[in-house]
Amino acid sequence: MKKSESDLNSEALFKRMEHTILWSVDQDGLLIKSFSPNADQILGLIPKKNILDYIHSVDHEEVNKCFGRVKEVHQVVMQHRFFRPSGQSVWFQTELSYRPESQEIIGVSQDISEVKTGFTSVAVDEEGDKLRGIFQFSTDLICIAGVDGTFKEINPAFEKTLGYTEQELLSRKFLELIHPDDLEITKKALKAMDEGHPIKDFENRYRKKDGTYIWLSWMGHPIPGTNLVYSIARDISEKKKAVKELEKLVKETSSELVKSREFLNLVIENVPHMMFVKDAKELRFVHFNKAGEDLLGYSKNDLLGKNDYDFFPKEQADFFTNKDKEVLTGKKLVQITEEEISTKHGKKYLRTKKVPLLNEEGEPIYLLGFSEDITDWKTAADLRLEMAREQTLSKEKERAQQKATFLASVSSVLASSLDFRDTLEKLAQTIVPFLGDWCSILFIKEEGTIERIAIHHWDLKKQHLIEKLSHYPGSRTILNSPTFQQTLKTGKSYFFNDVTDKELNRLALDEEHLKILRELGTHSAMAIPIIYGDKIYGAISLNLADKDRTYDQETLLISEEVGRKAGVAIENALLYRTAQKAIAARDEFLSIASHELKTPVTSIKLLLQMTRKSVNPATGAGPSAEKLAHVLDQANDQVNRLTTLIEDLLDVSRIEMGKIFYKFLPLDFSHLLKEVCSRYREHMKSFHCELTCSIEDGLTILGDRMRIEQVIINLLTNAAKYGEQKPVTVTLKKMSNSVVLEIKDQGMGIPQDKLSKVFDRFERAVQASNISGLGLGLYISREIVEAHLGNISVVSEVNRGSTFRVEIPIYLGNAST
């Protein structure tokens with residue numbers, strides 16, 4: 001479809017508008033601050049560069065004057081040439097405006113190169129075919145006119161647009177064609193151009209030949225040195241009509257908007273909760289509803305334009321502001337479940353939602369807030385919380401009292417007897433039903449086996465089940481449970497609140513056992529160690545059959561306290577037992593020591609008394625020399641025996657006080673052993689024991705001769721005492737890097753339960769009335785051997801004899817050192 005002449009004119013106008021650019025510079029340095037997008041495309045402007053860099057140098061002086069003058073008159077129009085990025089200069093007309101508040105100059109520049117070159121060609125070179133063509137065929141109205149109100153030259157578009165002939169237009173003043181209402185402003189425009197000021201976008205109405213009026217938009221430029229102006233006009237009647245219709249539509253729409261706004265304001269004002277709007281830049285209030293005024297106690301006039309710091313304490317204002325920034329930065333809704341706010345009516349509590357209001361680019365421009373007063377709710381909630389806290393404290397106090405009473409009863413039971421088996425039986429009866437419906441207490445014996453000491457149920461009707469359960473070995477039951485294994489191994493407590501039937505199946509030893517466990521019921525269970533320090537003495541099994549009760553951390557702590565108290569009771573009982581044994585051992589030792597020390601003294605006393613009776617001072621009679629020698633020998637033996645006993649006691653004292661000293665020198669162990677055996681052979685005969693020796697020569701140790709000899713004599717004496725008049729064998733040999741001495745008898749032997757104690761103080765391998773000694777020889781021997789970095793041990797079997805073995809490191813150094 002062919003476009004109408006009006007459409008073509010409108011397109012030309014919009015095309016012309018594409019060549020209008022906007023830009024701004026600072027008032028002092030003329031540095032570019034901002035510009036419209038087409039300014040970058042047309043001129044290639046760059047921010048922070050001087051605008052003069054883009055203007056022809058010939059025009060700099062005039063342009064600088066205009067920049068200076070615009071700060072005085074606030075608006076100036078100038079013509080100058082801009083450079084395109086290609087280097088070509090183009091004529092522009094620029095309207096400068098000055099903004100004191102921002103201290104910047106705004107430029108609106110329009111490309112007038114076409115007008116400049118077109119009019120110049122018409123006025124100066126009428127023979128130029130190319131430029132005349134532009135003048136002749138332009139759809140815009142182009143003319144040269146005088147400031148007296150007459151056309152000097154017009155293009156054919158005038159005839160087409162107004163309907164007059166060229167002669168009719170040139171023969172009369174064009175002011176006659178102007179609408180009366182626009183006459184005065186047209187005269188002012190002519191006067192301005194006569195004074196050298198161009199005009200642009202000047203609008204007035206022209207009468208057509210048919211009597212109707214059309215709207216024209218003019219751009220005019222005075223021709224320097226003449227009373228003529230170049231002007232170009234465009235028919236904007238359709239545009240005006242469209243604008244009028246648009247204004248009507250806007251008016252109608254505005255009316256609807258006003259109604260909508262009034263309705264919205266009515267809704268907002270009647271919302272029972274506070275609503276407010278802040279600007280996104282400075283967070284100042286721009287809207288507040290009546291509920292907000294009532295809540296805070298401030299009027300809108302007090303609030304609008306202010307921010308949080310104008311009304312609230314800094315701590316509160318900081319909180320509100322930080323939340324606002326969180327909303328705007330995250331561009332999302334933020335909910336504040338509770339916030340404290342100071343109002344004219346006092347302290348209030350609000351529940352608030354804040355949301356950003358975004359523009360078309362998705363950037364926040366406002367913040368909308370919606371706050372609900374929850375002061376009454378919070379007061380009621382605080383009251384309920386306080387009541388709940390008081391009830392809780394009351395219950396906690398009651399539980400604490402129950403706990404204290406229970407633990408006191410536990411302590412009383414555990415302190416009632418030093419027989420821990422009896423106290424643990426009573427403890428099981430005390431535990432239920434406070435800690436469980438039924439419980440079982442297990443004890444780890446010295447040899448490592450597990451014994452169930454007590455098992456009890458609070459319901460006497462189920463005691464028959466407990467009695468049946470007690471027939472099952474506690475060790476097997478407990479070893480079936482990984483929980484108890486961990487408790488006994490680590491000393492840590494464990495509890496489970498959902499013991500399944502599958503778990504009971506796994507723990508049961510047989511069908512009858514499973515049936516008992518099911519009837520007793522085990523919904524929740526705990527395994528509590530019985531401990532003292534690092535020592536684990538056993539465990540307490542606690543069980544709940546009632547599903548309404550479950551074990552918790554508090555019950556666990558109480559149960560662990562019971563376990564520790566039970567551990568202390570067992571420790572005290574065992575210490576008491578040990579003390580009783582020590583006292584018995586002491587009494588036995590004192591009895592033996594008294595007897596052993598008294599025996600040689602008694603023998604000496606009898607020998608002396610008998611000898612004294614055989615001496616008569618009056619007659620000079622006395623015992624024979626042979627008899628006297630025998631008595632003296634016997635007395636000397638008893639003195640040696642007494643000396644040995646005393647030396648043993650002194651050695652024990654020295655060992656305990658760390659005052660036994662050794663003189664370590666290279667020692668020929670082989671030679672020493674042969675010497676002692678030779679000397680001791682006669683003594684062994686007195687016990688009717690034959691001594692056989694097998695000694696490897698040249699075995700040297702680093703040792704104390706006297707103390708090593710003491711060890712050998714102690715072992716030989718021991719073998720003679722317990723050898724039951726049977727042969728004793730002594731063997732010395734080298735094994736690896738050690739010298740090994742073995743003394744073997746074939747006597748009564750040592751029971752297995754005594755083997756581990758034969759090297760302790762005051763211990764005797766076998767309690768026999770016919771065997772003398774304090775039980776210190778082996779203890780002293782062990783201390784001496786260990787001081788020589790050696791080891792002493794015994795292998796024995798009752799009625800088969802014993803073999804004592806001593807190993808001492810061989811000396812590999814120079815024997816002469």
# chains A, B, ... in the order shown; residues from 1 in each chain; ligands from 1
$ select_by_dssp --residues "segment 398-535 of chain A" --states "strand (DSSP E)" --output "list in words"
Trp438, Cys439, Ser440, Ile441, Leu442, Phe443, Ile444, Ile450, Glu451, Arg452, Ile453, Ala454, Ile455, His456, His457, Tyr494, Phe495, Phe496, Ser524, Ala525, Met526, Ala527, Ile528, Pro529, Ile530, Ile531, Tyr532 and Lys535 of chain A
$ residues_around --residues "segment 671-680 of chain A" --least-positions-apart "3" --cutoff "12 Å" --atoms "only C-alpha atoms" --output "PyMOL selection string"
chain A and resi 666-668+683-687+689-701+703-717+720+728-733+739-743
$ residues_around --residues "Phe495 of chain A" --least-positions-apart "6" --cutoff "12 Å" --atoms "only C-alpha atoms" --output "number ranges by chain"
A: 483-484, 486-487, 522-529, 540-544, 550-557, 559-560
$ write_last_selection --atoms "N, CA and C atoms" --output "PDB file, in the first residue's frame"
ATOM      1  N   THR A 483      26.638 -55.145  73.515  1.00  0.00           N
ATOM      2  CA  THR A 483      26.554 -53.953  74.354  1.00  0.00           C
ATOM      3  C   THR A 483      27.316 -54.156  75.657  1.00  0.00           C
ATOM      4  N   PHE A 484      27.051 -55.301  76.335  1.00  0.00           N
ATOM      5  CA  PHE A 484      27.749 -55.566  77.583  1.00  0.00           C
ATOM      6  C   PHE A 484      29.233 -55.808  77.351  1.00  0.00           C
ATOM      7  N   GLN A 486      31.060 -54.288  75.180  1.00  0.00           N
ATOM      8  CA  GLN A 486      31.662 -52.962  75.078  1.00  0.00           C
ATOM      9  C   GLN A 486      31.741 -52.289  76.446  1.00  0.00           C
ATOM     10  N   THR A 487      30.685 -52.439  77.251  1.00  0.00           N
ATOM     11  CA  THR A 487      30.680 -51.821  78.575  1.00  0.00           C
ATOM     12  C   THR A 487      31.797 -52.399  79.444  1.00  0.00           C
ATOM     13  N   THR A 522      11.308 -56.214  77.899  1.00  0.00           N
ATOM     14  CA  THR A 522      12.468 -55.330  77.777  1.00  0.00           C
ATOM     15  C   THR A 522      12.222 -54.397  76.602  1.00  0.00           C
ATOM     16  N   HIS A 523      11.648 -53.247  76.896  1.00  0.00           N
ATOM     17  CA  HIS A 523      11.426 -52.231  75.850  1.00  0.00           C
ATOM     18  C   HIS A 523      12.637 -51.322  75.714  1.00  0.00           C
ATOM     19  N   SER A 524      13.211 -50.915  76.854  1.00  0.00           N
ATOM     20  CA  SER A 524      14.420 -50.095  76.875  1.00  0.00           C
ATOM     21  C   SER A 524      15.423 -50.765  77.794  1.00  0.00           C
ATOM     22  N   ALA A 525      16.708 -50.585  77.491  1.00  0.00           N
ATOM     23  CA  ALA A 525      17.749 -51.233  78.295  1.00  0.00           C
ATOM     24  C   ALA A 525      18.967 -50.335  78.400  1.00  0.00           C
ATOM     25  N   MET A 526      19.676 -50.510  79.526  1.00  0.00           N
ATOM     26  CA  MET A 526      20.930 -49.786  79.733  1.00  0.00           C
ATOM     27  C   MET A 526      21.976 -50.742  80.292  1.00  0.00           C
ATOM     28  N   ALA A 527      23.212 -50.500  79.880  1.00  0.00           N
ATOM     29  CA  ALA A 527      24.344 -51.240  80.428  1.00  0.00           C
ATOM     30  C   ALA A 527      25.250 -50.222  81.109  1.00  0.00           C
ATOM     31  N   ILE A 528      25.378 -50.333  82.436  1.00  0.00           N
ATOM     32  CA  ILE A 528      26.125 -49.351  83.232  1.00  0.00           C
ATOM     33  C   ILE A 528      27.341 -50.048  83.846  1.00  0.00           C
ATOM     34  N   PRO A 529      28.549 -49.502  83.634  1.00  0.00           N
ATOM     35  CA  PRO A 529      29.739 -50.144  84.218  1.00  0.00           C
ATOM     36  C   PRO A 529      29.830 -49.891  85.722  1.00  0.00           C
ATOM     37  N   ILE A 540      25.953 -53.236  85.442  1.00  0.00           N
ATOM     38  CA  ILE A 540      24.551 -53.326  85.889  1.00  0.00           C
ATOM     39  C   ILE A 540      23.668 -53.283  84.662  1.00  0.00           C
ATOM     40  N   SER A 541      22.817 -54.280  84.515  1.00  0.00           N
ATOM     41  CA  SER A 541      21.861 -54.328  83.413  1.00  0.00           C
ATOM     42  C   SER A 541      20.528 -53.800  83.921  1.00  0.00           C
ATOM     43  N   LEU A 542      20.050 -52.698  83.302  1.00  0.00           N
ATOM     44  CA  LEU A 542      18.772 -52.092  83.690  1.00  0.00           C
ATOM     45  C   LEU A 542      17.775 -52.260  82.549  1.00  0.00           C
ATOM     46  N   ASN A 543      16.530 -52.616  82.878  1.00  0.00           N
ATOM     47  CA  ASN A 543      15.539 -52.912  81.847  1.00  0.00           C
ATOM     48  C   ASN A 543      14.197 -52.281  82.197  1.00  0.00           C
ATOM     49  N   LEU A 544      13.552 -51.706  81.167  1.00  0.00           N
ATOM     50  CA  LEU A 544      12.202 -51.161  81.303  1.00  0.00           C
ATOM     51  C   LEU A 544      11.248 -51.990  80.458  1.00  0.00           C
ATOM     52  N   THR A 550      10.986 -44.426  78.932  1.00  0.00           N
ATOM     53  CA  THR A 550      12.201 -44.637  78.148  1.00  0.00           C
ATOM     54  C   THR A 550      13.376 -44.032  78.900  1.00  0.00           C
ATOM     55  N   TYR A 551      14.548 -44.544  78.597  1.00  0.00           N
ATOM     56  CA  TYR A 551      15.742 -44.016  79.246  1.00  0.00           C
ATOM     57  C   TYR A 551      16.184 -42.730  78.551  1.00  0.00           C
ATOM     58  N   ASP A 552      16.673 -41.793  79.352  1.00  0.00           N
ATOM     59  CA  ASP A 552      17.173 -40.537  78.805  1.00  0.00           C
ATOM     60  C   ASP A 552      18.530 -40.238  79.431  1.00  0.00           C
ATOM     61  N   GLN A 553      19.084 -39.087  79.031  1.00  0.00           N
ATOM     62  CA  GLN A 553      20.426 -38.731  79.475  1.00  0.00           C
ATOM     63  C   GLN A 553      20.494 -38.534  80.985  1.00  0.00           C
ATOM     64  N   GLU A 554      19.443 -37.974  81.553  1.00  0.00           N
ATOM     65  CA  GLU A 554      19.431 -37.739  83.003  1.00  0.00           C
ATOM     66  C   GLU A 554      19.464 -39.060  83.769  1.00  0.00           C
ATOM     67  N   THR A 555      18.641 -40.018  83.316  1.00  0.00           N
ATOM     68  CA  THR A 555      18.627 -41.334  83.978  1.00  0.00           C
ATOM     69  C   THR A 555      19.981 -42.018  83.822  1.00  0.00           C
ATOM     70  N   LEU A 556      20.590 -41.840  82.651  1.00  0.00           N
ATOM     71  CA  LEU A 556      21.915 -42.423  82.402  1.00  0.00           C
ATOM     72  C   LEU A 556      22.929 -41.877  83.397  1.00  0.00           C
ATOM     73  N   LEU A 557      22.913 -40.561  83.642  1.00  0.00           N
ATOM     74  CA  LEU A 557      23.875 -39.949  84.564  1.00  0.00           C
ATOM     75  C   LEU A 557      23.667 -40.471  85.985  1.00  0.00           C
ATOM     76  N   SER A 559      22.346 -43.376  86.818  1.00  0.00           N
ATOM     77  CA  SER A 559      22.761 -44.783  86.809  1.00  0.00           C
ATOM     78  C   SER A 559      24.275 -44.900  86.850  1.00  0.00           C
ATOM     79  N   GLU A 560      24.966 -44.025  86.122  1.00  0.00           N
ATOM     80  CA  GLU A 560      26.436 -44.048  86.151  1.00  0.00           C
ATOM     81  C   GLU A 560      26.955 -43.690  87.539  1.00  0.00           C
TER      82      GLU A 560
END
$ residues_around --residues "Leu328 of chain A" --least-positions-apart "4" --cutoff "10 Å" --atoms "only C-alpha atoms" --output "MDAnalysis selection string"
chainID A and resid 280:281 322:324 332:334 354:358 363:367
$ atom_distance --atom1 "atom CA of Lys489 of chain A" --atom2 "atom CA of Gly538 of chain A"
9.8 Å
$ closest_residue --among "A:Glu682, A:Asp534, A:Asp182, A:Glu72" --to "Leu96 of chain A" --atoms "only C-alpha atoms"
A:Glu72
$ closest_residue --among "A:Thr20, A:Asn265, A:Ser97, A:Ser756" --to "Pro37 of chain A" --atoms "only C-alpha atoms"
A:Thr20
$ residues_around --residues "Asp745 of chain A" --least-positions-apart "3" --cutoff "6 Å" --atoms "only C-alpha atoms" --output "list in words"
Ala719, Gly723, Val728, Gly801 and Ser802 of chain A
$ closest_residue --among "A:Tyr206, A:Phe263, A:Asp546, A:Leu517" --to "Gly436 of chain A" --atoms "only C-alpha atoms"
A:Asp546
$ residues_around --residues "segment 158-171 of chain A" --least-positions-apart "4" --cutoff "12 Å" --atoms "only C-alpha atoms" --output "mmCIF file with N, CA and C atoms, in the first residue's frame"
data_model
loop_
_atom_site.group_PDB
_atom_site.id
_atom_site.type_symbol
_atom_site.label_atom_id
_atom_site.label_comp_id
_atom_site.auth_asym_id
_atom_site.auth_seq_id
_atom_site.Cartn_x
_atom_site.Cartn_y
_atom_site.Cartn_z
ATOM 1 N N GLU A 5 1.058 11.176 1.953
ATOM 2 C CA GLU A 5 2.046 12.255 2.068
ATOM 3 C C GLU A 5 2.284 12.589 3.528
ATOM 4 N N SER A 6 1.207 12.501 4.359
ATOM 5 C CA SER A 6 1.346 12.803 5.801
ATOM 6 C C SER A 6 2.246 11.780 6.482
ATOM 7 N N ASN A 9 5.807 12.469 5.580
ATOM 8 C CA ASN A 9 6.314 13.612 6.351
ATOM 9 C C ASN A 9 6.640 13.207 7.785
ATOM 10 N N PHE A 135 16.196 20.783 -2.735
ATOM 11 C CA PHE A 135 15.244 21.851 -2.445
ATOM 12 C C PHE A 135 13.904 21.604 -3.121
ATOM 13 N N GLN A 136 13.979 21.148 -4.366
ATOM 14 C CA GLN A 136 12.756 20.990 -5.162
ATOM 15 C C GLN A 136 11.910 19.809 -4.718
ATOM 16 N N PHE A 137 12.561 18.696 -4.357
ATOM 17 C CA PHE A 137 11.802 17.459 -4.140
ATOM 18 C C PHE A 137 11.582 17.082 -2.669
ATOM 19 N N SER A 138 12.030 17.917 -1.768
ATOM 20 C CA SER A 138 11.823 17.628 -0.343
ATOM 21 C C SER A 138 10.340 17.684 0.003
ATOM 22 N N THR A 139 9.869 16.748 0.786
ATOM 23 C CA THR A 139 8.476 16.768 1.254
ATOM 24 C C THR A 139 8.294 17.759 2.384
ATOM 25 N N ASP A 140 9.370 18.173 3.048
ATOM 26 C CA ASP A 140 9.300 19.213 4.064
ATOM 27 C C ASP A 140 9.163 20.567 3.381
ATOM 28 N N LEU A 141 8.595 21.525 4.088
ATOM 29 C CA LEU A 141 8.415 22.883 3.563
ATOM 30 C C LEU A 141 9.695 23.658 3.814
ATOM 31 N N ILE A 142 10.436 24.011 2.713
ATOM 32 C CA ILE A 142 11.726 24.700 2.826
ATOM 33 C C ILE A 142 11.560 26.074 2.186
ATOM 34 N N CYS A 143 12.062 27.080 2.877
ATOM 35 C CA CYS A 143 11.920 28.431 2.330
ATOM 36 C C CYS A 143 13.014 29.342 2.814
ATOM 37 N N ILE A 144 13.149 30.427 2.073
ATOM 38 C CA ILE A 144 13.944 31.571 2.515
ATOM 39 C C ILE A 144 12.943 32.676 2.698
ATOM 40 N N ALA A 145 12.912 33.250 3.916
ATOM 41 C CA ALA A 145 11.912 34.270 4.226
ATOM 42 C C ALA A 145 12.578 35.486 4.821
ATOM 43 N N GLY A 146 11.881 36.607 4.726
ATOM 44 C CA GLY A 146 12.384 37.827 5.330
ATOM 45 C C GLY A 146 11.791 38.003 6.689
ATOM 46 N N GLY A 149 8.192 39.236 7.292
ATOM 47 C CA GLY A 149 7.013 38.420 7.202
ATOM 48 C C GLY A 149 6.629 38.008 5.806
ATOM 49 N N THR A 150 7.581 38.034 4.840
ATOM 50 C CA THR A 150 7.295 37.628 3.470
ATOM 51 C C THR A 150 8.189 36.486 3.069
ATOM 52 N N PHE A 151 7.656 35.601 2.160
ATOM 53 C CA PHE A 151 8.466 34.519 1.603
ATOM 54 C C PHE A 151 9.324 35.082 0.481
ATOM 55 N N LYS A 152 10.598 34.701 0.417
ATOM 56 C CA LYS A 152 11.464 35.099 -0.674
ATOM 57 C C LYS A 152 11.589 33.962 -1.674
ATOM 58 N N GLU A 153 11.600 32.772 -1.129
ATOM 59 C CA GLU A 153 11.693 31.594 -2.005
ATOM 60 C C GLU A 153 11.093 30.424 -1.251
ATOM 61 N N ILE A 154 10.292 29.639 -1.980
ATOM 62 C CA ILE A 154 9.671 28.468 -1.361
ATOM 63 C C ILE A 154 9.861 27.271 -2.272
ATOM 64 N N LEU A 175 2.361 36.097 7.388
ATOM 65 C CA LEU A 175 1.716 36.300 8.685
ATOM 66 C C LEU A 175 0.198 36.270 8.555
ATOM 67 N N GLU A 176 -0.313 36.573 7.334
ATOM 68 C CA GLU A 176 -1.745 36.567 7.116
ATOM 69 C C GLU A 176 -2.328 35.153 7.184
ATOM 70 N N LEU A 177 -1.461 34.166 6.951
ATOM 71 C CA LEU A 177 -1.934 32.775 6.934
ATOM 72 C C LEU A 177 -1.903 32.117 8.325
ATOM 73 N N ILE A 178 -1.355 32.809 9.293
ATOM 74 C CA ILE A 178 -1.148 32.220 10.624
ATOM 75 C C ILE A 178 -2.406 32.376 11.448
ATOM 76 N N ARG A 205 0.031 27.387 13.633
ATOM 77 C CA ARG A 205 -0.975 26.881 12.707
ATOM 78 C C ARG A 205 -1.074 27.785 11.476
ATOM 79 N N TYR A 206 -1.079 27.146 10.294
ATOM 80 C CA TYR A 206 -1.230 27.865 9.003
ATOM 81 C C TYR A 206 -2.584 27.518 8.390
ATOM 82 N N ARG A 207 -3.172 28.577 7.789
ATOM 83 C CA ARG A 207 -4.458 28.370 7.122
ATOM 84 C C ARG A 207 -4.236 27.897 5.700
ATOM 85 N N LYS A 208 -4.881 26.814 5.334
ATOM 86 C CA LYS A 208 -4.803 26.315 3.966
ATOM 87 C C LYS A 208 -5.787 27.084 3.094
ATOM 88 N N LYS A 209 -5.652 26.851 1.827
ATOM 89 C CA LYS A 209 -6.511 27.606 0.878
ATOM 90 C C LYS A 209 -7.973 27.237 1.069
ATOM 91 N N ASP A 210 -8.242 25.987 1.541
ATOM 92 C CA ASP A 210 -9.645 25.582 1.742
ATOM 93 C C ASP A 210 -10.208 26.110 3.046
ATOM 94 N N GLY A 211 -9.398 26.884 3.804
ATOM 95 C CA GLY A 211 -9.860 27.527 5.022
ATOM 96 C C GLY A 211 -9.547 26.744 6.285
ATOM 97 N N THR A 212 -9.126 25.527 6.128
ATOM 98 C CA THR A 212 -8.761 24.741 7.317
ATOM 99 C C THR A 212 -7.344 25.070 7.760
ATOM 100 N N TYR A 213 -7.017 24.710 8.995
ATOM 101 C CA TYR A 213 -5.677 24.985 9.540
ATOM 102 C C TYR A 213 -4.903 23.655 9.743
ATOM 103 N N ILE A 214 -3.624 23.796 9.498
ATOM 104 C CA ILE A 214 -2.750 22.658 9.795
ATOM 105 C C ILE A 214 -1.643 23.121 10.748
ATOM 106 N N TRP A 215 -1.112 22.165 11.510
ATOM 107 C CA TRP A 215 -0.007 22.466 12.428
ATOM 108 C C TRP A 215 1.322 22.221 11.730
ATOM 109 N N LEU A 216 2.243 23.203 11.842
ATOM 110 C CA LEU A 216 3.581 23.087 11.285
ATOM 111 C C LEU A 216 4.603 23.221 12.408
ATOM 112 N N ILE A 232 12.714 25.518 7.711
ATOM 113 C CA ILE A 232 12.179 24.252 7.234
ATOM 114 C C ILE A 232 11.046 23.861 8.171
ATOM 115 N N ALA A 233 9.921 23.430 7.571
ATOM 116 C CA ALA A 233 8.754 23.099 8.377
ATOM 117 C C ALA A 233 8.223 21.736 7.984
ATOM 118 N N ARG A 234 7.527 21.146 8.937
ATOM 119 C CA ARG A 234 6.946 19.832 8.689
ATOM 120 C C ARG A 234 5.526 19.814 9.231
ATOM 121 N N ASP A 235 4.628 19.203 8.444
ATOM 122 C CA ASP A 235 3.218 19.104 8.839
ATOM 123 C C ASP A 235 3.100 18.110 10.001
ATOM 124 N N ILE A 236 2.669 18.645 11.130
ATOM 125 C CA ILE A 236 2.535 17.768 12.317
ATOM 126 C C ILE A 236 1.082 17.698 12.762
ATOM 127 N N SER A 237 0.152 17.974 11.824
ATOM 128 C CA SER A 237 -1.269 17.964 12.180
ATOM 129 C C SER A 237 -1.688 16.601 12.708
#
$ residues_around --residues "segment 42-51 of chain A" --least-positions-apart "3" --cutoff "7 Å" --atoms "only C-alpha atoms" --output "list in words"
Leu30, Leu31, Ile32, Lys33, Ser34, Asn38, Ala39, Tyr54, Phe83, Arg84 and Pro85 of chain A
$ closest_residue --among "A:Leu246, A:His788, A:Arg681, A:Val229" --to "Tyr662 of chain A" --atoms "only C-alpha atoms"
A:His788
$ atom_distance --atom1 "atom CA of Ile341 of chain A" --atom2 "atom CA of Arg284 of chain A"
17.2 Å
$ closest_residue --among "A:Ser255, A:Gln93, A:Asn289, A:Asn799" --to "Glu269 of chain A" --atoms "only C-alpha atoms"
A:Asn289
$ atom_distance --atom1 "atom CA of Phe664 of chain A" --atom2 "atom CA of Leu702 of chain A"
5.7 Å
